[in-house]
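Structure file data-v7.tsv (TSV, C-alpha atoms (C1' of nucleotides)) follows.
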chain	number	residue	atom	x	y	z
A	1	MET	CA	-24.14	-20.81	-12.22
A	2	VAL	CA	-26.89	-19.99	-14.66
A	3	ALA	CA	-24.70	-18.35	-17.29
A	4	MET	CA	-22.31	-21.30	-17.22
A	5	LEU	CA	-25.01	-23.74	-18.14
A	6	MET	CA	-26.18	-21.77	-21.14
A	7	ASN	CA	-24.62	-21.59	-24.57
A	8	ILE	CA	-23.67	-18.23	-25.97
A	9	HIS	CA	-26.80	-17.97	-28.07
A	10	ASP	CA	-29.13	-18.35	-25.10
A	11	THR	CA	-26.95	-16.08	-23.01
A	12	ILE	CA	-27.18	-13.30	-25.59
A	13	ASN	CA	-30.90	-13.80	-26.04
A	14	SER	CA	-31.65	-13.60	-22.33
A	15	ILE	CA	-29.60	-10.43	-21.99
A	16	GLU	CA	-31.03	-8.42	-24.85
A	17	SER	CA	-34.66	-9.45	-24.42
A	18	ILE	CA	-34.83	-8.27	-20.82
A	19	THR	CA	-36.70	-5.12	-19.70
A	20	PRO	CA	-34.89	-2.28	-17.90
A	21	LYS	CA	-36.75	-3.08	-14.69
A	22	GLU	CA	-35.76	-6.74	-14.83
A	23	ALA	CA	-32.22	-5.74	-15.74
A	24	ILE	CA	-31.82	-3.90	-12.45
A	25	ILE	CA	-33.09	-6.91	-10.53
A	26	LEU	CA	-30.64	-9.16	-12.37
A	27	GLN	CA	-27.74	-6.86	-11.52
A	28	ASN	CA	-28.64	-7.04	-7.85
A	29	GLU	CA	-28.71	-10.83	-8.09
A	30	LEU	CA	-25.39	-11.15	-9.90
A	31	ARG	CA	-23.42	-8.56	-7.97
A	32	GLY	CA	-22.63	-11.14	-5.31
A	33	SER	CA	-20.65	-13.20	-7.83
A	34	VAL	CA	-17.96	-10.57	-8.31
A	35	ILE	CA	-14.56	-11.54	-6.92
A	36	ALA	CA	-12.75	-8.34	-5.95
A	37	ARG	CA	-9.36	-9.85	-5.22
A	38	ASP	CA	-6.53	-11.16	-7.37
A	39	ASP	CA	-7.53	-14.62	-8.54
A	40	PHE	CA	-5.76	-15.49	-11.77
A	41	GLY	CA	-2.63	-17.22	-13.06
A	42	ASP	CA	0.13	-15.87	-15.26
A	43	ILE	CA	-1.00	-13.17	-17.63
A	44	LYS	CA	0.36	-13.86	-21.10
A	45	LEU	CA	-2.52	-12.47	-23.10
A	46	ILE	CA	-4.41	-9.30	-22.27
A	47	GLY	CA	-7.54	-8.30	-24.18
A	48	GLY	CA	-9.14	-4.93	-24.84
A	49	VAL	CA	-12.87	-4.48	-25.41
A	50	ASP	CA	-14.88	-1.61	-26.86
A	51	VAL	CA	-18.17	-1.02	-28.64
A	52	GLY	CA	-19.32	1.68	-31.03
A	53	VAL	CA	-22.86	2.31	-32.21
A	54	LYS	CA	-23.87	3.78	-35.54
A	55	GLU	CA	-27.48	4.18	-36.62
A	56	GLY	CA	-28.69	1.44	-34.31
A	57	ILE	CA	-25.96	-1.02	-35.28
A	58	ALA	CA	-23.48	-1.97	-32.56
A	59	VAL	CA	-19.92	-2.84	-33.51
A	60	ALA	CA	-17.70	-4.62	-31.00
A	61	ALA	CA	-13.96	-5.04	-31.22
A	62	VAL	CA	-11.78	-7.29	-29.09
A	63	VAL	CA	-8.03	-7.06	-29.45
A	64	MET	CA	-5.42	-9.31	-27.88
A	65	PHE	CA	-1.94	-8.27	-26.85
A	66	GLU	CA	0.94	-10.27	-25.50
A	67	TYR	CA	1.70	-9.28	-21.94
A	68	PRO	CA	3.79	-7.59	-20.73
A	69	SER	CA	5.42	-6.86	-24.09
A	70	LEU	CA	2.16	-5.33	-25.35
A	71	THR	CA	2.51	-6.74	-28.83
A	72	LEU	CA	-0.71	-6.96	-30.83
A	73	VAL	CA	-1.47	-10.56	-31.70
A	74	GLU	CA	-5.12	-10.80	-32.74
A	75	THR	CA	-8.22	-8.74	-33.48
A	76	ALA	CA	-11.86	-9.78	-33.77
A	77	THR	CA	-14.93	-7.69	-34.54
A	78	ALA	CA	-18.67	-8.33	-34.70
A	79	THR	CA	-21.78	-6.44	-35.71
A	80	ARG	CA	-25.28	-6.72	-34.31
A	81	LYS	CA	-28.42	-4.65	-34.08
A	82	ALA	CA	-28.49	-2.74	-30.76
A	83	VAL	CA	-31.85	-3.63	-29.25
A	84	PHE	CA	-31.53	-2.56	-25.63
A	85	PRO	CA	-31.60	1.26	-25.21
A	86	TYR	CA	-28.78	3.24	-23.70
A	87	VAL	CA	-29.65	3.76	-20.05
A	88	PRO	CA	-26.98	4.95	-17.60
A	89	GLY	CA	-26.31	2.01	-15.28
A	90	LEU	CA	-27.59	-0.57	-17.76
A	91	LEU	CA	-24.91	-0.31	-20.43
A	92	ALA	CA	-24.06	-4.01	-20.16
A	93	PHE	CA	-27.41	-5.03	-21.57
A	94	ARG	CA	-26.77	-2.95	-24.67
A	95	GLU	CA	-23.16	-3.96	-25.25
A	96	ILE	CA	-22.57	-7.49	-23.95
A	97	PRO	CA	-24.40	-9.32	-26.77
A	98	VAL	CA	-22.21	-7.93	-29.54
A	99	ILE	CA	-19.11	-8.24	-27.36
A	100	LEU	CA	-19.77	-11.97	-26.97
A	101	ASP	CA	-20.19	-12.24	-30.74
A	102	ALA	CA	-16.69	-10.85	-31.15
A	103	LEU	CA	-15.12	-12.80	-28.30
A	104	VAL	CA	-16.09	-16.21	-29.65
A	105	LYS	CA	-14.21	-15.40	-32.84
A	106	LEU	CA	-10.88	-15.28	-31.05
A	107	SER	CA	-8.64	-18.33	-31.47
A	108	ARG	CA	-7.50	-18.06	-27.86
A	109	ARG	CA	-8.98	-16.77	-24.62
A	110	PRO	CA	-7.29	-13.75	-23.07
A	111	ASP	CA	-6.01	-14.25	-19.50
A	112	ILE	CA	-7.49	-10.90	-18.51
A	113	ILE	CA	-9.48	-8.18	-20.25
A	114	ILE	CA	-9.70	-4.41	-19.93
A	115	VAL	CA	-13.15	-3.06	-20.66
A	116	ASP	CA	-14.11	0.42	-21.81
A	117	GLY	CA	-16.59	1.42	-19.11
A	118	HIS	CA	-17.15	1.00	-15.37
A	119	GLY	CA	-17.13	-2.08	-13.19
A	120	TYR	CA	-17.59	-1.89	-9.43
A	121	SER	CA	-17.93	1.91	-9.59
A	122	HIS	CA	-21.56	1.55	-10.54
A	123	PRO	CA	-24.91	2.41	-8.86
A	124	ARG	CA	-25.36	-1.26	-7.93
A	125	ARG	CA	-21.66	-2.16	-8.01
A	126	PHE	CA	-22.15	-4.23	-11.15
A	127	GLY	CA	-21.11	-2.32	-14.25
A	128	LEU	CA	-20.27	-3.69	-17.69
A	129	ALA	CA	-16.82	-4.99	-16.70
A	130	CYS	CA	-18.28	-6.97	-13.78
A	131	HIS	CA	-21.10	-8.35	-15.86
A	132	LEU	CA	-18.77	-9.43	-18.67
A	133	GLY	CA	-16.22	-10.85	-16.25
A	134	VAL	CA	-18.78	-12.86	-14.29
A	135	THR	CA	-20.55	-14.06	-17.44
A	136	LEU	CA	-17.32	-15.47	-18.87
A	137	ASP	CA	-15.68	-16.02	-15.48
A	138	ILE	CA	-12.64	-14.17	-16.76
A	139	PRO	CA	-10.50	-11.61	-14.90
A	140	ALA	CA	-11.64	-8.11	-15.91
A	141	ILE	CA	-10.51	-4.54	-15.33
A	142	ALA	CA	-12.82	-1.55	-15.87
A	143	CYS	CA	-11.44	1.58	-17.49
A	144	GLY	CA	-14.01	4.34	-17.89
A	145	LYS	CA	-13.44	7.72	-19.50
A	146	SER	CA	-15.88	9.71	-17.37
A	147	ARG	CA	-17.73	9.55	-14.07
A	148	LEU	CA	-20.84	7.48	-13.49
A	149	VAL	CA	-21.06	7.64	-9.69
A	150	GLY	CA	-18.89	8.70	-6.77
A	151	GLU	CA	-16.88	11.72	-5.70
A	152	TYR	CA	-13.20	12.40	-6.00
A	153	ARG	CA	-10.45	14.96	-5.90
A	154	GLU	CA	-8.55	15.81	-9.03
A	155	PRO	CA	-5.25	13.85	-9.15
A	156	SER	CA	-2.06	15.91	-9.51
A	157	LEU	CA	-1.00	16.39	-13.12
A	158	GLY	CA	1.77	13.84	-13.38
A	159	ARG	CA	1.41	10.40	-14.95
A	160	GLY	CA	0.74	7.79	-12.27
A	161	SER	CA	-1.11	10.12	-9.91
A	162	VAL	CA	-4.06	8.40	-8.26
A	163	GLU	CA	-7.05	9.48	-6.16
A	164	ASP	CA	-9.86	7.49	-4.57
A	165	LEU	CA	-13.31	7.39	-6.13
A	166	VAL	CA	-15.66	7.27	-3.14
A	167	GLU	CA	-19.34	6.74	-2.58
A	168	GLY	CA	-21.05	6.27	0.76
A	169	GLY	CA	-17.69	6.19	2.53
A	170	GLU	CA	-16.50	3.28	0.41
A	171	VAL	CA	-13.67	3.37	-2.12
A	172	ILE	CA	-15.33	2.05	-5.25
A	173	GLY	CA	-12.60	2.88	-7.74
A	174	LYS	CA	-9.57	5.00	-8.53
A	175	ILE	CA	-8.98	8.08	-10.63
A	176	LEU	CA	-5.77	7.44	-12.53
A	177	ARG	CA	-3.72	9.93	-14.52
A	178	THR	CA	-2.16	7.84	-17.28
A	179	ARG	CA	-0.44	10.78	-19.00
A	180	ASP	CA	0.94	14.12	-17.83
A	181	ASN	CA	-1.65	16.89	-18.03
A	182	VAL	CA	-4.27	14.67	-19.63
A	183	LYS	CA	-7.74	13.91	-18.30
A	184	PRO	CA	-7.54	10.89	-15.97
A	185	VAL	CA	-9.39	7.60	-16.40
A	186	PHE	CA	-11.74	5.81	-13.98
A	187	ILE	CA	-10.40	2.43	-12.91
A	188	SER	CA	-12.44	-0.11	-10.97
A	189	VAL	CA	-12.71	-3.83	-10.33
A	190	GLY	CA	-14.35	-5.95	-12.98
A	191	HIS	CA	-13.81	-9.52	-11.79
A	192	ARG	CA	-11.10	-11.67	-10.20
A	193	VAL	CA	-8.81	-8.71	-9.72
A	194	SER	CA	-8.08	-6.32	-6.85
A	195	LEU	CA	-8.42	-2.57	-7.27
A	196	ASP	CA	-4.69	-2.02	-6.75
A	197	THR	CA	-3.78	-4.62	-9.36
A	198	ALA	CA	-6.31	-3.14	-11.76
A	199	VAL	CA	-4.67	0.27	-11.39
A	200	ARG	CA	-1.18	-1.18	-11.80
A	201	ILE	CA	-2.01	-3.09	-14.98
A	202	ALA	CA	-3.97	-0.17	-16.43
A	203	LEU	CA	-1.03	2.16	-15.90
A	204	GLU	CA	1.47	-0.37	-17.25
A	205	SER	CA	-0.65	-0.82	-20.35
A	206	ALA	CA	-1.04	2.90	-21.00
A	207	ARG	CA	2.20	3.68	-22.73
A	208	GLY	CA	2.29	7.20	-24.06
A	209	LYS	CA	-1.44	7.31	-24.54
A	210	ARG	CA	-4.33	8.19	-22.29
A	211	LEU	CA	-6.05	4.82	-22.64
A	212	PRO	CA	-4.44	1.45	-21.97
A	213	GLU	CA	-3.17	0.08	-25.30
A	214	PRO	CA	-5.70	-2.77	-25.59
A	215	VAL	CA	-8.66	-0.46	-25.01
A	216	GLY	CA	-7.31	2.21	-27.33
A	217	MET	CA	-6.78	-0.37	-30.06
A	218	ALA	CA	-10.23	-1.87	-29.59
A	219	HIS	CA	-11.68	1.61	-29.85
A	220	LYS	CA	-9.92	2.18	-33.17
A	221	ALA	CA	-10.96	-1.19	-34.54
A	222	ALA	CA	-14.59	-0.64	-33.61
A	223	SER	CA	-14.50	2.90	-34.93
A	224	ASN	CA	-13.15	1.81	-38.31
A	225	ARG	CA	-16.00	-0.69	-38.68
A	226	THR	CA	-18.46	1.90	-37.43
A	227	LYS	CA	-17.54	4.50	-40.01
A	228	ASP	CA	-19.76	4.39	-43.06
A	229	GLY	CA	-21.64	1.24	-42.13
A	230	PHE	CA	-19.97	-2.13	-42.09
A	231	ARG	CA	-19.58	-3.07	-45.75
A	232	LYS	CA	-15.81	-3.24	-45.72
A	233	ARG	CA	-15.22	-6.59	-44.13
B	1	DG	C1'	-40.11	19.14	-9.57
B	2	DC	C1'	-34.88	19.50	-10.69
B	3	DG	C1'	-30.33	17.91	-11.70
B	4	DA	C1'	-27.15	13.83	-12.73
B	5	DC	C1'	-26.41	10.34	-15.80
B	6	DA	C1'	-20.50	4.74	-18.34
B	7	DG	C1'	-21.28	4.54	-23.82
C	1	DA	C1'	-21.76	7.26	-28.11
C	2	DT	C1'	-22.23	10.64	-32.29
C	3	DC	C1'	-22.43	15.31	-34.70
C	4	DT	C1'	-17.87	18.20	-36.63
C	5	DT	C1'	-12.95	22.39	-38.23
C	6	DG	C1'	-9.64	24.10	-36.84
C	7	DT	C1'	-6.10	24.32	-33.65
C	8	DC	C1'	-2.75	23.89	-29.70
C	9	DG	C1'	1.21	21.09	-28.28
C	10	DC	C1'	4.99	17.50	-28.30
How does the structure come out when it is put into structure tokens?
Amino acid sequence: MVAMLMNIHDTINSIESITPKEAIILQNELRGSVIARDDFGDIKLIGGVDVGVKEGIAVAAVVMFEYPSLTLVETATATRKAVFPYVPGLLAFREIPVILDALVKLSRRPDIIIVDGHGYSHPRRFGLACHLGVTLDIPAIACGKSRLVGEYREPSLGRGSVEDLVEGGEVIGKILRTRDNVKPVFISVGHRVSLDTAVRIALESARGKRLPEPVGMAHKAASNRTKDGFRKR
DNA sequence: GCGACAG
DNA sequence: ATCTTGTCGC
């Protein structure tokens, strides 16, 4: 595998120096590497990933929680100029570089990660969570906050309600209500995990909040670094 | 041409 | 995502 043979520096460079047209071709090449079934060992550490952008500077935060106790054990952040533009469907090329910067700072590798964004529920079935999961060959779950593609019916209002996210007759993800009467989230496969398992872990991790704990925490961490530049270490 | 469009 | 005050609800 190409990504496996490259160090992180080259990996980042090849991702952010690509053109949008080439990016689409690359997604179509890499989509075949996604493993959409459960393929992982015991989960003891679960990571949450999120990125914020402020005045052209991207801030990534990766948080690690013990699983299933959901105790916060480690946080890492990184800052990097956002070079690739925001283009719906090509978010990975804008966010993966800074995410990798943050990930290498962790003392341990998470056994699975939950990513803020889509995975299989993507125009080419290769969203950010898939790209990150395949690049690191790590189990990944996608948890988006709004629709990118597909149609669905509104889940009933109780926590745990689920509906299919469908496109072209295929179930590409699930709409999951993680809290009573609160806007549902969009769950899909990232890598090495089945859709049902992704939904189960996402719901388990969302305790009292709309977003799964790891993602919510990563969002906060990135947001704090995003506010008023990045001077406060 | 028009509308849709993760973060 | 970010720009922004108050406000409704547990």
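The spacing separating atom CA of A:Ile8 from atom CA of A:Lys81 amounts to 16.5 Å.
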Do me a favour and pick out the residues of chain C within 12 Å of chain A, using all atoms listed in the file, as an mmCIF file with C-alpha atoms (C1' of nucleotides), keeping the file's coordinate frame.
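What follows is the written file result_0.cif:
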data_model
loop_
_atom_site.group_PDB
_atom_site.id
_atom_site.type_symbol
_atom_site.label_atom_id
_atom_site.label_comp_id
_atom_site.auth_asym_id
_atom_site.auth_seq_id
_atom_site.Cartn_x
_atom_site.Cartn_y
_atom_site.Cartn_z
ATOM 1 C "C1'" DA C 1 -21.760 7.260 -28.110
ATOM 2 C "C1'" DT C 2 -22.230 10.640 -32.290
ATOM 3 C "C1'" DC C 3 -22.430 15.310 -34.700
ATOM 4 C "C1'" DG C 9 1.210 21.090 -28.280
ATOM 5 C "C1'" DC C 10 4.990 17.500 -28.300
#
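For chain A, the residues having at least one atom no farther than 9 Å from chain B, when counting only C-alpha atoms (C1' of nucleotides), are Val51, Gly52, Val53, Tyr86, Val87, Pro88, Gly89, Leu90, Leu91, Glu95, Asp116, Gly117, His118, His122, Gly127, Leu128, Gly144, Lys145, Ser146, Arg147, Leu148 and Val149 of chain A.
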Report, in Å to a single decimal, how far apart atom CA of A:Cys143 and atom CA of A:Leu203 are. 10.5 Å
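Note that atom CA of A:Ile141 and atom CA of A:Lys21 are 26.3 Å apart.
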What's around A:Val73 at 7 Å? Count all atoms listed in the file, leave out sequence neighbours fewer than 3 positions away in its own chain, and write the answer as a ChimeraX atom specification. /A:64-66
Please return the centre and edge lengths, in Å to one decimal, of a box with edges along x, y and z that contains all listed atoms of chain C, widened by 3 Å on every side, as lines of an AutoDock Vina configuration file.
center_x = -8.7
center_y = 15.8
center_z = -33.2
size_x = 33.4
size_y = 23.1
size_z = 16.1
